[in-house]
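Structure data (mmCIF, C-alpha atoms) from run.cif:
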```
data_input
#
loop_
_atom_site.group_PDB
_atom_site.id
_atom_site.type_symbol
_atom_site.label_atom_id
_atom_site.label_comp_id
_atom_site.auth_asym_id
_atom_site.auth_seq_id
_atom_site.Cartn_x
_atom_site.Cartn_y
_atom_site.Cartn_z
ATOM 1 C CA MET X 1 -52.219 -76.191 -89.157
ATOM 2 C CA TYR X 2 -50.772 -79.326 -90.726
ATOM 3 C CA GLU X 3 -53.219 -82.004 -91.847
ATOM 4 C CA SER X 4 -51.649 -85.444 -92.320
ATOM 5 C CA LYS X 5 -52.999 -87.786 -94.971
ATOM 6 C CA PHE X 6 -52.434 -90.573 -92.389
ATOM 7 C CA LYS X 7 -54.554 -88.986 -89.654
ATOM 8 C CA CYS X 8 -56.878 -91.414 -87.921
ATOM 9 C CA GLN X 9 -57.744 -92.345 -84.358
ATOM 10 C CA ALA X 10 -55.472 -95.409 -84.350
ATOM 11 C CA ASN X 11 -52.464 -93.282 -85.341
ATOM 12 C CA ASP X 12 -53.422 -90.592 -82.822
ATOM 13 C CA ASP X 13 -53.474 -93.272 -80.107
ATOM 14 C CA LEU X 14 -50.129 -94.697 -81.242
ATOM 15 C CA PHE X 15 -48.453 -91.280 -81.268
ATOM 16 C CA ALA X 16 -49.868 -90.485 -77.834
ATOM 17 C CA ALA X 17 -48.318 -93.709 -76.546
ATOM 18 C CA ILE X 18 -44.966 -92.829 -78.127
ATOM 19 C CA LEU X 19 -45.058 -89.348 -76.623
ATOM 20 C CA ASP X 20 -45.612 -90.951 -73.199
ATOM 21 C CA LEU X 21 -42.323 -92.873 -73.370
ATOM 22 C CA ARG X 22 -39.982 -91.476 -70.733
ATOM 23 C CA ASP X 23 -36.507 -92.672 -71.619
ATOM 24 C CA GLU X 24 -34.429 -94.737 -74.019
ATOM 25 C CA GLU X 25 -35.055 -97.979 -72.127
ATOM 26 C CA GLU X 26 -38.816 -97.501 -72.395
ATOM 27 C CA CYS X 27 -38.392 -96.791 -76.114
ATOM 28 C CA TYR X 28 -36.478 -100.028 -76.597
ATOM 29 C CA ARG X 29 -39.066 -102.016 -74.645
ATOM 30 C CA PHE X 30 -42.039 -100.467 -76.448
ATOM 31 C CA PHE X 31 -40.620 -100.707 -79.959
ATOM 32 C CA GLU X 32 -39.319 -104.226 -79.354
ATOM 33 C CA ASP X 33 -42.870 -105.250 -78.507
ATOM 34 C CA ILE X 34 -44.672 -103.330 -81.237
ATOM 35 C CA MET X 35 -42.308 -103.942 -84.187
ATOM 36 C CA THR X 36 -40.353 -106.737 -85.702
ATOM 37 C CA ILE X 37 -36.577 -106.436 -85.648
ATOM 38 C CA LYS X 38 -36.622 -105.884 -89.420
ATOM 39 C CA GLU X 39 -39.179 -103.068 -89.153
ATOM 40 C CA LEU X 40 -37.111 -101.284 -86.528
ATOM 41 C CA GLN X 41 -33.919 -101.789 -88.532
ATOM 42 C CA SER X 42 -35.601 -100.321 -91.618
ATOM 43 C CA ILE X 43 -36.790 -97.241 -89.749
ATOM 44 C CA ALA X 44 -33.394 -96.763 -88.096
ATOM 45 C CA GLN X 45 -31.718 -97.088 -91.498
ATOM 46 C CA ARG X 46 -33.988 -94.430 -93.029
ATOM 47 C CA TRP X 47 -33.229 -92.104 -90.112
ATOM 48 C CA GLU X 48 -29.493 -92.612 -90.611
ATOM 49 C CA VAL X 49 -29.887 -91.948 -94.343
ATOM 50 C CA ALA X 50 -31.762 -88.709 -93.571
ATOM 51 C CA ARG X 51 -29.025 -87.571 -91.190
ATOM 52 C CA MET X 52 -26.322 -88.336 -93.734
ATOM 53 C CA LEU X 53 -28.181 -86.616 -96.596
ATOM 54 C CA ALA X 54 -28.717 -83.544 -94.414
ATOM 55 C CA SER X 55 -24.995 -83.439 -93.665
ATOM 56 C CA GLY X 56 -24.219 -83.391 -97.399
ATOM 57 C CA GLN X 57 -22.991 -86.924 -97.922
ATOM 58 C CA THR X 58 -23.347 -88.502 -101.352
ATOM 59 C CA TYR X 59 -25.571 -91.416 -102.283
ATOM 60 C CA GLY X 60 -22.459 -93.563 -102.715
ATOM 61 C CA GLU X 61 -21.131 -92.709 -99.261
ATOM 62 C CA ILE X 62 -24.526 -93.345 -97.700
ATOM 63 C CA GLU X 63 -24.991 -96.652 -99.516
ATOM 64 C CA ALA X 64 -21.553 -97.845 -98.412
ATOM 65 C CA ALA X 65 -22.084 -96.813 -94.787
ATOM 66 C CA THR X 66 -25.683 -97.927 -94.310
ATOM 67 C CA LYS X 67 -26.173 -100.652 -96.944
ATOM 68 C CA ALA X 68 -29.378 -98.801 -97.919
ATOM 69 C CA SER X 69 -30.504 -99.246 -101.505
ATOM 70 C CA ALA X 70 -30.432 -96.360 -103.944
ATOM 71 C CA ALA X 71 -34.242 -96.509 -103.918
ATOM 72 C CA THR X 72 -34.362 -96.051 -100.132
ATOM 73 C CA ILE X 73 -31.875 -93.182 -100.255
ATOM 74 C CA SER X 74 -33.867 -91.545 -103.042
ATOM 75 C CA ARG X 75 -37.152 -91.981 -101.152
ATOM 76 C CA VAL X 76 -35.685 -90.387 -98.020
ATOM 77 C CA ASN X 77 -34.194 -87.565 -100.076
ATOM 78 C CA LYS X 78 -37.592 -86.950 -101.679
ATOM 79 C CA CYS X 79 -39.113 -86.691 -98.194
ATOM 80 C CA LEU X 80 -36.406 -84.246 -97.137
ATOM 81 C CA GLN X 81 -37.054 -82.108 -100.212
ATOM 82 C CA TYR X 82 -40.823 -82.345 -100.658
ATOM 83 C CA GLY X 83 -42.245 -84.212 -97.667
ATOM 84 C CA ALA X 84 -44.174 -83.131 -94.597
ATOM 85 C CA GLY X 85 -41.108 -81.607 -92.924
ATOM 86 C CA GLY X 86 -40.801 -84.178 -90.148
ATOM 87 C CA TYR X 87 -37.210 -85.152 -90.847
ATOM 88 C CA THR X 88 -36.204 -81.511 -91.232
ATOM 89 C CA ALA X 89 -37.863 -80.397 -87.991
ATOM 90 C CA VAL X 90 -36.216 -83.091 -85.893
ATOM 91 C CA LEU X 91 -32.815 -82.693 -87.562
ATOM 92 C CA LYS X 92 -32.949 -78.935 -86.907
ATOM 93 C CA ARG X 93 -33.957 -79.456 -83.277
ATOM 94 C CA MET X 94 -31.149 -81.975 -82.713
ATOM 95 C CA LYS X 95 -28.608 -79.625 -84.292
ATOM 96 C CA GLU X 96 -29.775 -76.803 -82.026
ATOM 97 C CA GLN X 97 -29.462 -79.044 -78.969
ATOM 98 C CA GLU X 98 -25.908 -79.990 -79.981
ATOM 99 C CA SER X 99 -25.015 -76.275 -80.149
ATOM 100 C CA GLU X 100 -26.187 -75.599 -76.585
#
```
What do you get writing this file as structure tokens?
Amino acid sequence: MYESKFKCQANDDLFAAILDLRDEEECYRFFEDIMTIKELQSIAQRWEVARMLASGQTYGEIEAATKASAATISRVNKCLQYGAGGYTAVLKRMKEQESE
């Protein structure tokens, strides 16, 4: 079983709330309330970087398309290679859903 170094009751409660969201509109409403625009943009950018890295795009291509810094791209790549597997699991699931 996976043990996160971030595990705590507050995070458990947050993730339970996120898992209760029912559709994209609820996601927008919830995240608009809980995050600043900049925080959401940063997370969305990292997700886009992860998707592009997983598809084999180069740092240069990713930087040009997303305006992410080399440091951000490197950090995301490190997570893809050595992280907890979260990016990889979701990317795999989305790819499987596209194939259906």
Computed gap from atom CA of Ile62 of chain X to atom CA of Val49 of chain X is 6.5 Å
With the file shown as input, list the residues that the PyMOL selection byres ((chain X and resi 73) around 12) selects, as a PyMOL selection string. chain X and resi 42+45-54+57-72+74-80
For a test of reading the model, state the distance in Å between atom CA of Glu32 of chain X and atom CA of Thr88 of chain X, rounded to one decimal.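 We find that atom CA of Glu32 of chain X and atom CA of Thr88 of chain X lie 25.8 Å from each other.
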One decimal place gives the atom CA of Gln9 of chain X-atom CA of Phe31 of chain X separation as 19.6 Å
For this session: Go through X:Gln41, X:Gly85, X:Asp23, X:Thr36 one by one, measure the shortest atom-to-atom distance of each to Ser4 of chain X using only C-alpha atoms, and give the residue with the smallest value.
Result: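 Ranked by minimum distance to Ser4 of chain X, first place goes to X:Gly85.
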Segment 80-98 of chain X written out with N, CA and C atoms as a PDB file, in the first residue's frame:
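Resulting contents of result-v3.pdb:
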```pdb
ATOM      1  N   LEU X  80       7.730  12.290 -13.184  1.00  0.00           N
ATOM      2  CA  LEU X  80       7.360  11.209 -14.099  1.00  0.00           C
ATOM      3  C   LEU X  80       8.324  10.028 -13.965  1.00  0.00           C
ATOM      4  N   GLN X  81       9.601  10.329 -13.789  1.00  0.00           N
ATOM      5  CA  GLN X  81      10.615   9.281 -13.726  1.00  0.00           C
ATOM      6  C   GLN X  81      10.725   8.626 -12.349  1.00  0.00           C
ATOM      7  N   TYR X  82      10.668   9.434 -11.297  1.00  0.00           N
ATOM      8  CA  TYR X  82      10.997   8.941  -9.958  1.00  0.00           C
ATOM      9  C   TYR X  82       9.950   9.253  -8.897  1.00  0.00           C
ATOM     10  N   GLY X  83       8.832   9.826  -9.300  1.00  0.00           N
ATOM     11  CA  GLY X  83       7.830  10.273  -8.331  1.00  0.00           C
ATOM     12  C   GLY X  83       6.933   9.157  -7.835  1.00  0.00           C
ATOM     13  N   ALA X  84       5.802   9.549  -7.300  1.00  0.00           N
ATOM     14  CA  ALA X  84       4.854   8.620  -6.680  1.00  0.00           C
ATOM     15  C   ALA X  84       4.018   7.844  -7.689  1.00  0.00           C
ATOM     16  N   GLY X  85       4.112   8.189  -8.969  1.00  0.00           N
ATOM     17  CA  GLY X  85       3.363   7.471  -9.994  1.00  0.00           C
ATOM     18  C   GLY X  85       1.995   8.055 -10.307  1.00  0.00           C
ATOM     19  N   GLY X  86       1.674   9.192  -9.726  1.00  0.00           N
ATOM     20  CA  GLY X  86       0.363   9.795  -9.953  1.00  0.00           C
ATOM     21  C   GLY X  86       0.146  10.241 -11.391  1.00  0.00           C
ATOM     22  N   TYR X  87       1.122  10.978 -11.917  1.00  0.00           N
ATOM     23  CA  TYR X  87       1.005  11.400 -13.321  1.00  0.00           C
ATOM     24  C   TYR X  87       0.841  10.179 -14.218  1.00  0.00           C
ATOM     25  N   THR X  88       1.717   9.204 -14.025  1.00  0.00           N
ATOM     26  CA  THR X  88       1.739   8.021 -14.890  1.00  0.00           C
ATOM     27  C   THR X  88       0.418   7.267 -14.848  1.00  0.00           C
ATOM     28  N   ALA X  89      -0.140   7.098 -13.651  1.00  0.00           N
ATOM     29  CA  ALA X  89      -1.401   6.364 -13.516  1.00  0.00           C
ATOM     30  C   ALA X  89      -2.532   7.054 -14.265  1.00  0.00           C
ATOM     31  N   VAL X  90      -2.630   8.357 -14.110  1.00  0.00           N
ATOM     32  CA  VAL X  90      -3.724   9.089 -14.761  1.00  0.00           C
ATOM     33  C   VAL X  90      -3.503   9.153 -16.273  1.00  0.00           C
ATOM     34  N   LEU X  91      -2.269   9.384 -16.696  1.00  0.00           N
ATOM     35  CA  LEU X  91      -1.989   9.403 -18.137  1.00  0.00           C
ATOM     36  C   LEU X  91      -2.328   8.069 -18.779  1.00  0.00           C
ATOM     37  N   LYS X  92      -1.980   6.972 -18.112  1.00  0.00           N
ATOM     38  CA  LYS X  92      -2.292   5.629 -18.627  1.00  0.00           C
ATOM     39  C   LYS X  92      -3.798   5.427 -18.717  1.00  0.00           C
ATOM     40  N   ARG X  93      -4.509   5.814 -17.660  1.00  0.00           N
ATOM     41  CA  ARG X  93      -5.965   5.650 -17.641  1.00  0.00           C
ATOM     42  C   ARG X  93      -6.617   6.453 -18.766  1.00  0.00           C
ATOM     43  N   MET X  94      -6.156   7.683 -18.958  1.00  0.00           N
ATOM     44  CA  MET X  94      -6.732   8.531 -20.020  1.00  0.00           C
ATOM     45  C   MET X  94      -6.445   7.940 -21.397  1.00  0.00           C
ATOM     46  N   LYS X  95      -5.259   7.398 -21.580  1.00  0.00           N
ATOM     47  CA  LYS X  95      -4.914   6.777 -22.866  1.00  0.00           C
ATOM     48  C   LYS X  95      -5.798   5.564 -23.129  1.00  0.00           C
ATOM     49  N   GLU X  96      -6.033   4.761 -22.089  1.00  0.00           N
ATOM     50  CA  GLU X  96      -6.919   3.610 -22.227  1.00  0.00           C
ATOM     51  C   GLU X  96      -8.335   4.017 -22.583  1.00  0.00           C
ATOM     52  N   GLN X  97      -8.819   5.098 -21.970  1.00  0.00           N
ATOM     53  CA  GLN X  97     -10.168   5.587 -22.253  1.00  0.00           C
ATOM     54  C   GLN X  97     -10.280   6.095 -23.686  1.00  0.00           C
ATOM     55  N   GLU X  98      -9.213   6.698 -24.194  1.00  0.00           N
ATOM     56  CA  GLU X  98      -9.212   7.186 -25.581  1.00  0.00           C
ATOM     57  C   GLU X  98      -9.296   6.022 -26.556  1.00  0.00           C
TER      58      GLU X  98
END
```
